[in-house]
>>> print(open('entry_0.csv').read())   # CSV, C-alpha atoms (C1' of nucleotides)
chain,number,residue,atom,x,y,z
A,1,MET,CA,7.3,2.3,27.1
A,2,ALA,CA,8.4,-0.5,24.9
A,3,GLU,CA,11.9,-1.8,24.0
A,4,GLN,CA,13.6,-0.8,20.8
A,5,ALA,CA,13.6,-4.4,19.6
A,6,GLN,CA,9.8,-4.5,20.0
A,7,TYR,CA,9.4,-1.5,17.8
A,8,GLU,CA,11.7,-3.1,15.2
A,9,GLU,CA,9.7,-6.2,15.1
A,10,LEU,CA,6.4,-4.4,14.8
A,11,ILE,CA,7.8,-2.4,11.9
A,12,ARG,CA,8.7,-5.6,10.1
A,13,GLN,CA,5.2,-6.7,10.5
A,14,PHE,CA,4.0,-3.4,9.0
A,15,SER,CA,6.2,-4.1,6.1
A,16,ALA,CA,5.0,-7.6,5.8
A,17,PHE,CA,1.4,-6.3,5.8
A,18,GLY,CA,2.1,-4.9,2.3
A,19,ALA,CA,1.8,-8.5,1.0
A,20,VAL,CA,-1.6,-8.9,2.6
A,21,LYS,CA,-2.7,-5.6,1.1
A,22,ARG,CA,-1.5,-6.6,-2.4
A,23,GLU,CA,-3.3,-9.9,-2.1
A,24,MET,CA,-6.5,-8.1,-1.2
A,25,GLY,CA,-6.0,-5.6,-4.0
A,26,ARG,CA,-5.9,-8.4,-6.6
A,27,LEU,CA,-9.5,-9.3,-6.1
A,28,LEU,CA,-10.9,-5.8,-6.7
A,29,PRO,CA,-13.4,-5.6,-9.5
A,30,SER,CA,-12.0,-4.2,-12.7
A,31,GLY,CA,-12.8,-0.6,-13.0
A,32,CYS,CA,-12.7,-0.2,-9.3
A,33,PRO,CA,-9.0,0.3,-8.3
A,34,SER,CA,-8.1,0.6,-4.6
A,35,GLY,CA,-8.4,4.4,-4.6
A,36,ALA,CA,-12.0,4.2,-5.8
A,37,ALA,CA,-12.7,1.5,-3.3
A,38,ALA,CA,-11.4,3.6,-0.5
A,39,VAL,CA,-13.5,6.5,-1.5
A,40,LEU,CA,-16.6,4.4,-1.6
A,41,THR,CA,-15.9,2.8,1.7
A,42,ILE,CA,-15.4,6.1,3.5
A,43,LEU,CA,-18.5,7.6,2.1
A,44,ASP,CA,-20.5,4.5,3.0
A,45,ARG,CA,-19.0,4.5,6.4
A,46,HIS,CA,-19.1,8.2,7.3
A,47,GLY,CA,-21.8,9.6,5.1
A,48,ASP,CA,-21.8,12.6,2.8
A,49,MET,CA,-18.9,15.0,3.1
A,50,ARG,CA,-16.8,17.5,1.2
A,51,LEU,CA,-13.6,16.7,-0.6
A,52,SER,CA,-11.4,18.2,2.0
A,53,LYS,CA,-12.9,16.0,4.7
A,54,LEU,CA,-12.5,12.9,2.5
A,55,ALA,CA,-8.9,13.7,1.9
A,56,GLU,CA,-8.4,14.1,5.6
A,57,LEU,CA,-9.9,10.7,6.3
A,58,LEU,CA,-7.8,9.1,3.7
A,59,ALA,CA,-4.7,10.9,5.0
A,60,VAL,CA,-3.7,11.9,1.5
A,61,ASP,CA,-3.3,15.2,-0.3
A,62,MET,CA,-6.5,16.8,-1.6
A,63,SER,CA,-5.1,16.7,-5.1
A,64,VAL,CA,-5.0,13.0,-4.9
A,65,THR,CA,-8.5,12.7,-3.7
A,66,SER,CA,-9.7,15.1,-6.3
A,67,ARG,CA,-8.7,12.9,-9.1
A,68,GLN,CA,-9.9,9.7,-7.4
A,69,VAL,CA,-13.3,11.3,-6.9
A,70,ALA,CA,-13.4,12.4,-10.5
A,71,HIS,CA,-12.8,8.8,-11.5
A,72,VAL,CA,-15.6,7.5,-9.2
A,73,VAL,CA,-18.0,10.2,-10.4
A,74,ASP,CA,-17.3,9.1,-14.0
A,75,ARG,CA,-18.4,5.6,-13.0
A,76,GLY,CA,-21.6,7.0,-11.6
A,77,TRP,CA,-20.9,5.7,-8.1
A,78,ILE,CA,-21.0,9.1,-6.4
A,79,GLU,CA,-22.4,12.5,-7.2
A,80,ARG,CA,-21.3,16.0,-6.3
A,81,CYS,CA,-24.1,18.1,-4.9
A,82,PRO,CA,-23.9,21.8,-4.4
A,83,ASP,CA,-22.9,22.9,-0.9
A,84,PRO,CA,-25.5,25.3,0.3
A,85,VAL,CA,-23.2,27.2,2.6
A,86,ASP,CA,-20.0,27.3,0.5
A,87,LYS,CA,-20.0,27.7,-3.3
A,88,ARG,CA,-16.4,26.6,-3.5
A,89,SER,CA,-17.1,23.1,-2.4
A,90,ARG,CA,-19.5,20.3,-3.2
A,91,ILE,CA,-21.0,17.6,-1.1
A,92,LEU,CA,-20.0,14.1,-2.1
A,93,ARG,CA,-22.7,11.5,-1.9
A,94,LEU,CA,-23.0,7.8,-2.8
A,95,THR,CA,-25.4,6.9,-5.5
A,96,PRO,CA,-27.5,3.7,-5.6
A,97,ALA,CA,-25.0,2.3,-8.1
A,98,GLY,CA,-22.3,3.2,-5.7
A,99,ARG,CA,-23.9,1.3,-2.9
A,100,GLU,CA,-24.2,-1.7,-5.2
A,101,GLN,CA,-20.5,-1.5,-6.0
A,102,MET,CA,-19.8,-1.1,-2.3
A,103,ASP,CA,-21.8,-4.3,-1.6
A,104,GLU,CA,-19.8,-6.1,-4.2
A,105,LEU,CA,-16.6,-5.0,-2.6
A,106,THR,CA,-17.8,-6.2,0.7
A,107,ARG,CA,-18.8,-9.6,-0.7
A,108,ARG,CA,-15.5,-10.2,-2.2
A,109,THR,CA,-13.3,-9.0,0.6
A,110,THR,CA,-15.3,-10.8,3.3
A,111,ARG,CA,-15.3,-14.0,1.3
A,112,MET,CA,-11.5,-13.8,1.0
A,113,LEU,CA,-11.1,-13.1,4.7
A,114,ALA,CA,-13.4,-16.0,5.6
A,115,GLU,CA,-11.3,-18.2,3.5
A,116,ARG,CA,-7.9,-17.0,4.8
A,117,LEU,CA,-8.8,-16.7,8.4
A,118,SER,CA,-10.9,-19.8,8.7
A,119,ASP,CA,-8.8,-21.1,11.5
A,120,TRP,CA,-8.9,-17.9,13.6
A,121,ARG,CA,-11.0,-17.7,16.6
A,122,ASP,CA,-13.6,-14.9,16.9
A,123,ASP,CA,-11.8,-13.2,19.7
A,124,GLU,CA,-8.5,-13.2,17.8
A,125,ILE,CA,-10.1,-11.4,14.9
A,126,ALA,CA,-11.8,-9.0,17.3
A,127,GLU,CA,-8.5,-8.3,19.0
A,128,LEU,CA,-6.6,-7.7,15.8
A,129,THR,CA,-9.4,-5.3,14.7
A,130,ARG,CA,-9.3,-3.5,18.0
A,131,LEU,CA,-5.6,-3.1,18.0
A,132,MET,CA,-5.4,-1.9,14.4
A,133,ALA,CA,-8.2,0.6,15.1
A,134,ARG,CA,-6.2,1.9,18.0
A,135,LEU,CA,-3.0,2.0,15.9
A,136,ARG,CA,-4.8,4.2,13.4
A,137,ALA,CA,-6.1,6.4,16.2
A,138,SER,CA,-2.6,6.8,17.7
A,139,PHE,CA,-1.3,8.0,14.4
A,140,ASP,CA,-4.3,10.1,13.8
A,141,ASP,CA,-4.0,12.0,17.1
A,142,CYS,CA,-0.7,13.4,16.2
A,143,ARG,CA,-2.0,15.2,13.2
A,144,SER,CA,-3.6,18.6,13.8
A,145,THR,CA,-6.0,19.5,11.1
A,146,PRO,CA,-9.0,21.6,11.7
A,147,THR,CA,-12.1,20.6,9.8
A,148,THR,CA,-15.5,21.9,8.9
A,149,PRO,CA,-18.7,20.1,9.9
A,150,THR,CA,-20.0,17.4,7.7
A,151,THR,CA,-23.3,15.6,7.4
A,152,PRO,CA,-23.0,12.0,8.3
A,153,THR,CA,-26.3,10.8,7.0
A,154,ARG,CA,-25.6,7.1,7.7
A,155,PRO,CA,-23.7,6.4,10.8
A,156,PRO,CA,-23.3,2.7,10.7
A,157,THR,CA,-23.5,0.1,13.4
A,158,GLU,CA,-20.3,1.1,15.2
A,159,PRO,CA,-20.5,4.0,17.6
A,160,ALA,CA,-18.8,6.4,15.1
A,161,LEU,CA,-17.3,9.5,16.6
A,162,GLU,CA,-19.1,11.7,14.1
A,163,GLN,CA,-18.1,15.2,15.0
A,164,SER,CA,-15.8,17.3,13.0
A,165,THR,CA,-12.7,18.4,14.8
A,166,ARG,CA,-11.2,15.0,15.3
A,167,ARG,CA,-11.0,12.2,12.9
A,168,PRO,CA,-12.8,8.9,13.3
A,169,ALA,CA,-10.7,5.8,13.3
A,170,THR,CA,-12.1,3.8,10.5
A,171,PRO,CA,-12.2,4.4,6.8
A,172,ALA,CA,-12.0,2.5,3.7
A,173,ILE,CA,-11.4,-0.7,2.0
A,174,THR,CA,-8.5,-2.8,0.8
A,175,THR,CA,-6.0,-0.7,-1.1
B,1,MET,CA,-15.8,-19.0,12.3
B,2,ALA,CA,-16.4,-15.4,12.5
B,3,GLU,CA,-19.4,-13.3,11.6
B,4,GLN,CA,-19.8,-11.3,8.4
B,5,ALA,CA,-19.8,-8.1,10.3
B,6,GLN,CA,-16.6,-8.9,12.0
B,7,TYR,CA,-14.8,-9.4,8.7
B,8,GLU,CA,-16.2,-6.1,7.4
B,9,GLU,CA,-14.9,-4.3,10.4
B,10,LEU,CA,-11.5,-5.9,10.0
B,11,ILE,CA,-11.4,-4.9,6.4
B,12,ARG,CA,-12.1,-1.3,7.3
B,13,GLN,CA,-9.1,-1.5,9.6
B,14,PHE,CA,-7.0,-2.9,6.8
B,15,SER,CA,-7.9,0.1,4.7
B,16,ALA,CA,-7.3,2.5,7.6
B,17,PHE,CA,-3.9,1.0,7.9
B,18,GLY,CA,-3.1,2.7,4.6
B,19,ALA,CA,-3.0,6.0,6.4
B,20,VAL,CA,-0.5,4.6,8.9
B,21,LYS,CA,1.6,3.3,6.0
B,22,ARG,CA,1.6,6.6,4.3
B,23,GLU,CA,2.6,8.4,7.4
B,24,MET,CA,5.5,6.1,7.9
B,25,GLY,CA,6.4,6.5,4.2
B,26,ARG,CA,6.8,10.2,4.7
B,27,LEU,CA,9.7,9.8,6.9
B,28,LEU,CA,11.8,7.7,4.6
B,29,PRO,CA,15.2,9.1,3.7
B,30,SER,CA,15.3,10.7,0.3
B,31,GLY,CA,16.7,8.3,-2.2
B,32,CYS,CA,15.2,5.4,-0.3
B,33,PRO,CA,11.6,4.9,-1.4
B,34,SER,CA,9.4,2.3,0.2
B,35,GLY,CA,10.3,-0.4,-2.3
B,36,ALA,CA,14.0,0.0,-1.6
B,37,ALA,CA,13.3,0.0,2.2
B,38,ALA,CA,11.4,-3.3,1.8
B,39,VAL,CA,14.2,-4.9,-0.1
B,40,LEU,CA,16.7,-3.9,2.6
B,41,THR,CA,14.4,-5.0,5.4
B,42,ILE,CA,13.9,-8.5,3.9
B,43,LEU,CA,17.6,-9.0,3.2
B,44,ASP,CA,18.5,-7.8,6.7
B,45,ARG,CA,15.9,-10.1,8.2
B,46,HIS,CA,16.3,-13.2,6.1
B,47,GLY,CA,19.9,-13.0,4.8
B,48,ASP,CA,21.3,-13.5,1.3
B,49,MET,CA,18.9,-14.8,-1.3
B,50,ARG,CA,18.2,-14.8,-5.0
B,51,LEU,CA,15.8,-12.5,-6.7
B,52,SER,CA,13.0,-15.0,-7.1
B,53,LYS,CA,13.0,-15.7,-3.4
B,54,LEU,CA,13.0,-12.0,-2.6
B,55,ALA,CA,10.0,-11.5,-4.9
B,56,GLU,CA,8.2,-14.3,-3.2
B,57,LEU,CA,8.8,-12.9,0.2
B,58,LEU,CA,7.6,-9.5,-1.0
B,59,ALA,CA,4.6,-11.1,-2.7
B,60,VAL,CA,5.2,-9.1,-5.9
B,61,ASP,CA,6.1,-10.0,-9.4
B,62,MET,CA,9.7,-10.7,-10.1
B,63,SER,CA,9.9,-7.9,-12.6
B,64,VAL,CA,9.0,-5.5,-9.9
B,65,THR,CA,11.6,-6.8,-7.6
B,66,SER,CA,14.2,-6.8,-10.4
B,67,ARG,CA,13.8,-3.0,-10.9
B,68,GLN,CA,13.8,-2.3,-7.2
B,69,VAL,CA,16.9,-4.3,-6.7
B,70,ALA,CA,18.6,-2.5,-9.6
B,71,HIS,CA,17.8,0.7,-7.9
B,72,VAL,CA,19.2,-0.4,-4.6
B,73,VAL,CA,22.3,-1.8,-6.3
B,74,ASP,CA,22.8,1.6,-7.9
B,75,ARG,CA,22.8,3.1,-4.5
B,76,GLY,CA,25.4,0.6,-3.4
B,77,TRP,CA,23.3,-0.8,-0.6
B,78,ILE,CA,23.3,-4.4,-1.9
B,79,GLU,CA,25.5,-6.4,-4.3
B,80,ARG,CA,24.8,-9.2,-6.7
B,81,CYS,CA,27.2,-12.1,-6.3
B,82,PRO,CA,27.5,-15.0,-8.7
B,83,ASP,CA,25.5,-18.0,-7.8
B,84,PRO,CA,27.9,-20.9,-7.9
B,85,VAL,CA,25.3,-23.5,-8.7
B,86,ASP,CA,23.1,-21.6,-11.3
B,87,LYS,CA,24.6,-19.1,-13.7
B,88,ARG,CA,21.2,-17.6,-14.4
B,89,SER,CA,20.8,-16.2,-11.0
B,90,ARG,CA,22.8,-14.1,-8.6
B,91,ILE,CA,22.8,-13.9,-4.9
B,92,LEU,CA,21.7,-10.6,-3.3
B,93,ARG,CA,23.7,-9.5,-0.3
B,94,LEU,CA,23.6,-6.4,1.9
B,95,THR,CA,26.7,-4.2,1.7
B,96,PRO,CA,28.0,-2.4,4.7
B,97,ALA,CA,26.5,0.8,3.3
B,98,GLY,CA,23.3,-1.1,3.0
B,99,ARG,CA,23.4,-2.0,6.7
B,100,GLU,CA,24.0,1.6,7.5
B,101,GLN,CA,21.0,2.6,5.5
B,102,MET,CA,19.0,-0.1,7.2
B,103,ASP,CA,20.1,1.3,10.6
B,104,GLU,CA,19.0,4.7,9.6
B,105,LEU,CA,15.6,3.3,8.6
B,106,THR,CA,15.3,1.6,11.9
B,107,ARG,CA,16.2,4.7,13.8
B,108,ARG,CA,13.6,6.8,12.0
B,109,THR,CA,10.8,4.3,12.2
B,110,THR,CA,11.4,3.3,15.8
B,111,ARG,CA,11.6,6.9,16.8
B,112,MET,CA,8.2,7.5,15.1
B,113,LEU,CA,6.7,4.5,16.7
B,114,ALA,CA,8.0,5.4,20.1
B,115,GLU,CA,6.4,8.8,19.7
B,116,ARG,CA,3.1,7.6,18.4
B,117,LEU,CA,2.7,4.6,20.6
B,118,SER,CA,4.0,6.2,23.8
B,119,ASP,CA,0.8,5.3,25.6
B,120,TRP,CA,0.7,1.7,24.6
B,121,ARG,CA,1.7,-1.0,27.0
B,122,ASP,CA,4.4,-3.5,26.1
B,123,ASP,CA,2.0,-6.4,25.9
B,124,GLU,CA,-0.3,-4.5,23.6
B,125,ILE,CA,2.4,-3.9,21.2
B,126,ALA,CA,3.5,-7.5,21.4
B,127,GLU,CA,0.0,-8.7,20.8
B,128,LEU,CA,-0.4,-6.5,17.7
B,129,THR,CA,2.9,-7.7,16.4
B,130,ARG,CA,1.9,-11.3,17.0
B,131,LEU,CA,-1.5,-11.0,15.3
B,132,MET,CA,-0.1,-9.2,12.3
B,133,ALA,CA,2.5,-11.9,11.9
B,134,ARG,CA,-0.1,-14.5,12.0
B,135,LEU,CA,-2.2,-12.6,9.6
B,136,ARG,CA,0.6,-12.5,7.1
B,137,ALA,CA,1.1,-16.2,7.6
B,138,SER,CA,-2.5,-17.0,7.0
B,139,PHE,CA,-2.4,-15.2,3.7
B,140,ASP,CA,0.9,-16.8,2.8
B,141,ASP,CA,-0.3,-20.3,3.3
B,142,CYS,CA,-2.9,-20.3,0.6
B,143,ARG,CA,-1.0,-18.6,-2.1
B,144,SER,CA,-1.9,-21.0,-4.8
B,145,THR,CA,-4.1,-18.6,-6.6
B,146,PRO,CA,-6.0,-19.5,-9.8
B,147,THR,CA,-3.9,-17.1,-11.9
B,148,THR,CA,-0.7,-18.9,-11.3
B,149,PRO,CA,-1.0,-22.6,-12.3
B,150,THR,CA,2.7,-23.0,-12.5
B,151,THR,CA,3.3,-22.0,-8.9
B,152,PRO,CA,3.9,-25.0,-6.7
B,153,THR,CA,2.0,-24.7,-3.5
B,154,ARG,CA,4.5,-23.6,-0.9
B,155,PRO,CA,5.2,-26.4,1.6
B,156,PRO,CA,4.8,-25.1,5.2
B,157,THR,CA,8.5,-25.0,5.9
B,158,GLU,CA,10.0,-24.3,2.6
B,159,PRO,CA,12.4,-27.1,1.5
B,160,ALA,CA,14.5,-27.4,-1.7
B,161,LEU,CA,14.2,-23.8,-2.8
B,162,GLU,CA,17.3,-22.6,-1.0
B,163,GLN,CA,20.0,-25.0,-1.8
B,164,SER,CA,21.7,-22.4,-4.0
B,165,THR,CA,21.0,-19.4,-1.8
B,166,ARG,CA,22.9,-20.0,1.4
B,167,ARG,CA,19.9,-20.1,3.6
B,168,PRO,CA,19.6,-17.5,6.3
B,169,ALA,CA,19.2,-18.5,9.9
B,170,THR,CA,15.7,-17.1,10.1
B,171,PRO,CA,12.8,-19.0,8.8
B,172,ALA,CA,11.4,-17.4,5.6
B,173,ILE,CA,7.9,-16.5,6.8
B,174,THR,CA,7.7,-14.9,10.2
B,175,THR,CA,5.4,-16.7,12.5
C,1,DT,C1',-5.7,37.6,1.9
C,2,DA,C1',-7.1,32.8,2.9
C,3,DT,C1',-9.4,28.6,1.6
C,4,DT,C1',-11.5,24.9,-1.6
C,5,DG,C1',-10.8,22.5,-5.2
C,6,DT,C1',-8.7,21.4,-9.9
C,7,DT,C1',-5.0,20.5,-13.1
C,8,DA,C1',-0.1,19.7,-14.6
C,9,DT,C1',4.1,17.4,-13.6
C,10,DA,C1',6.9,14.0,-11.8
C,11,DC,C1',8.0,9.8,-9.3
C,12,DT,C1',7.0,5.3,-7.4
C,13,DC,C1',4.6,0.8,-7.3
C,14,DT,C1',2.7,-2.9,-9.8
C,15,DA,C1',1.5,-6.3,-13.5
C,16,DT,C1',1.8,-8.3,-18.2
C,17,DA,C1',4.4,-9.4,-22.0
C,18,DA,C1',8.4,-10.0,-24.7
C,19,DC,C1',13.1,-11.1,-24.5
C,20,DT,C1',18.0,-13.3,-23.0
C,21,DA,C1',20.7,-16.6,-21.0
C,22,DT,C1',21.1,-20.7,-18.7
C,23,DA,C1',19.3,-25.4,-17.1
D,1,DT,C1',11.3,-27.1,-23.2
D,2,DA,C1',11.4,-24.8,-18.8
D,3,DT,C1',13.3,-21.5,-15.5
D,4,DA,C1',15.8,-17.0,-13.6
D,5,DG,C1',16.1,-12.7,-14.6
D,6,DT,C1',15.7,-8.2,-17.4
D,7,DT,C1',13.4,-4.7,-19.9
D,8,DA,C1',9.5,-2.2,-22.1
D,9,DT,C1',5.1,-0.6,-21.5
D,10,DA,C1',1.0,0.7,-19.2
D,11,DG,C1',-2.0,2.0,-15.3
D,12,DA,C1',-2.6,3.6,-10.6
D,13,DG,C1',-1.1,6.0,-6.2
D,14,DT,C1',1.1,10.0,-4.4
D,15,DA,C1',3.1,14.8,-3.6
D,16,DT,C1',4.3,19.5,-5.0
D,17,DA,C1',3.2,23.5,-7.3
D,18,DA,C1',0.5,26.6,-10.0
D,19,DC,C1',-4.0,28.0,-10.8
D,20,DA,C1',-9.3,29.4,-10.4
D,21,DA,C1',-13.3,30.6,-7.9
D,22,DT,C1',-15.1,31.8,-3.6
D,23,DA,C1',-15.0,33.3,1.3
>>> encode(input="entry_0.csv", output="structure tokens")
Amino acid sequence: MAEQAQYEELIRQFSAFGAVKREMGRLLPSGCPSGAAAVLTILDRHGDMRLSKLAELLAVDMSVTSRQVAHVVDRGWIERCPDPVDKRSRILRLTPAGREQMDELTRRTTRMLAERLSDWRDDEIAELTRLMARLRASFDDCRSTPTTPTTPTRPPTEPALEQSTRRPATPAITT
Amino acid sequence: MAEQAQYEELIRQFSAFGAVKREMGRLLPSGCPSGAAAVLTILDRHGDMRLSKLAELLAVDMSVTSRQVAHVVDRGWIERCPDPVDKRSRILRLTPAGREQMDELTRRTTRMLAERLSDWRDDEIAELTRLMARLRASFDDCRSTPTTPTTPTRPPTEPALEQSTRRPATPAITT
DNA sequence: TATTGTTATACTCTATAACTATA
DNA sequence: TATAGTTATAGAGTATAACAATA
């Protein structure tokens, strides 16, 4: 159990992180705002899924996700396929153009990080990554939201926890 | 120098942090949106300053800060005092009511953190805090972006910018 | 009746540009 | 002329509520 002052200091860092987030947001390609980037990253990371699942992973209301998805569909980066088991919903899937866009996002963001964190050691970066993942998980666990199964067609390198009832700890890009 | 994959994973965690931020945002008192909270937090942390300095610390455009400050002034949480050495600018200062609001913010956020991070060890929280502070510093250092040719590159320990602003005790950028 | 998703409305955050007052 | 700040405008993120179609 930590001290009050320790929490206060951590909160200040949370607030300060907003500046980092804004810096990252400034290098997004035009036509691909942060919401679109987040959608692409989650689909790339976790595979095809329905809108409700995507909203859950983003931790935003479904109405928000609905409009963001519509935007990304307009750009041709994802497509909405019929859900064979539930005619109310559709399955969201990255298109080849969406993967290209995703690759461009990755190029830009990793280049910026490589520049900004050039004096960080590998293990420091790994530790920050680990702790932020755990942070997200700690916040995630307190939300109780039942979910329907999805079809993670492309579980990436990390040992993703790709079942349905609990949320994985790693979604999207920048913001 | 880190691997590409390591940067990619870190970026995913940055994005995932958006969910944490949104969760925290949901417990803000009504009438105190995140922008106002950020203004209060910085003034509480770094002491009185002028608008341009505040905008710099927030890493947003001065026009943004101007409106957020106006909002906070309307609520009576900060006041704008005349700057004795430059009639164009005013010095921003927390009012007693502002400190109370800041205390309420601290109460709410620390309570949430204590709840969510109940199974974290002290040293883990401290390490996350330290790494996030360093992250912010790493981004701060190279803020001479191509879009702002007029911006003088910030010297490591900011000098002559504060002669009119009654410099606070705390260094500007947390380290 | 409950759930999935969409749309309408409102509010906030953010940047750019035009403007003023002062330096 | 240059700088500090304000205001207008526009675009994006977000939540709530009302709604449609399906379960």
>>> closest_atom_pairs(input="entry_0.csv", of="chain C", to="chain B", cutoff="10 Å", atoms="only C-alpha atoms (C1' of nucleotides)", output="tab-separated table")
residue	atom	partner	partner_atom	distance
C:DC11	C1'	B:Pro33	CA	10.0
C:DT12	C1'	B:Pro33	CA	7.6
C:DC13	C1'	B:Gly35	CA	7.7
C:DT14	C1'	B:Val64	CA	6.8
C:DA15	C1'	B:Asp61	CA	7.2
C:DT16	C1'	B:Ser63	CA	9.9
C:DA21	C1'	B:Arg88	CA	6.7
C:DT22	C1'	B:Arg88	CA	5.3
C:DA23	C1'	B:Asp86	CA	7.9
>>> residues_near_point(input="entry_0.csv", point="(22.3, -7.2, -6.6)", cutoff="7 Å", atoms="all atoms listed in the file", output="list of chain:residue names")
B:Val69, B:Ala70, B:Val73, B:Ile78, B:Glu79, B:Arg80, B:Cys81, B:Ile91, B:Leu92, B:Arg93
>>> closest_residue(input="entry_0.csv", among="A:Cys32, A:Ala97, A:Ala59, A:Met24", to="chain B", atoms="all atoms listed in the file")
A:Ala59
>>> closest_residue(input="entry_0.csv", among="A:Leu51, A:Leu105, A:Leu117, A:Leu40", to="B:Glu3", atoms="only C-alpha atoms")
A:Leu117
>>> interface_residues(input="entry_0.csv", of="chain B", to="chain A", cutoff="7 Å", atoms="all atoms listed in the file", output="ChimeraX atom specification")
/B:1-2,4,7-8,10-17,19-20,38,58-59,106,110,113,116-118,121-122,128-129,131-133,136,138-139
>>> interface_residues(input="entry_0.csv", of="chain D", to="chain B", cutoff="12 Å", atoms="all atoms listed in the file", output="compact mmCIF listing (two decimals) with C-alpha atoms (C1' of nucleotides), keeping the file's coordinate frame")
# COMPACT_ATOMS: atom_id res chain seq x y z
C1' DA D 2 11.40 -24.80 -18.80
C1' DT D 3 13.30 -21.50 -15.50
C1' DA D 4 15.80 -17.00 -13.60
C1' DG D 5 16.10 -12.70 -14.60
C1' DT D 6 15.70 -8.20 -17.40
C1' DT D 7 13.40 -4.70 -19.90
C1' DA D 8 9.50 -2.20 -22.10
C1' DG D 13 -1.10 6.00 -6.20
C1' DT D 14 1.10 10.00 -4.40
C1' DA D 15 3.10 14.80 -3.60
>>> atom_distance(input="entry_0.csv", atom1="atom CA of B:Pro96", atom2="atom CA of B:Arg26")
24.7 Å
>>> axis_aligned_box(input="entry_0.csv", around="stretch 53-71 of chain B", padding_each_side="3 Å", output="AutoDock Vina command-line options")
--center_x 11.6 --center_y -7.5 --center_z -6.2 --size_x 20.0 --size_y 22.4 --size_z 18.8
>>> atom_distance(input="entry_0.csv", atom1="atom CA of B:Glu100", atom2="atom C1' of C:DA10")
28.6 Å
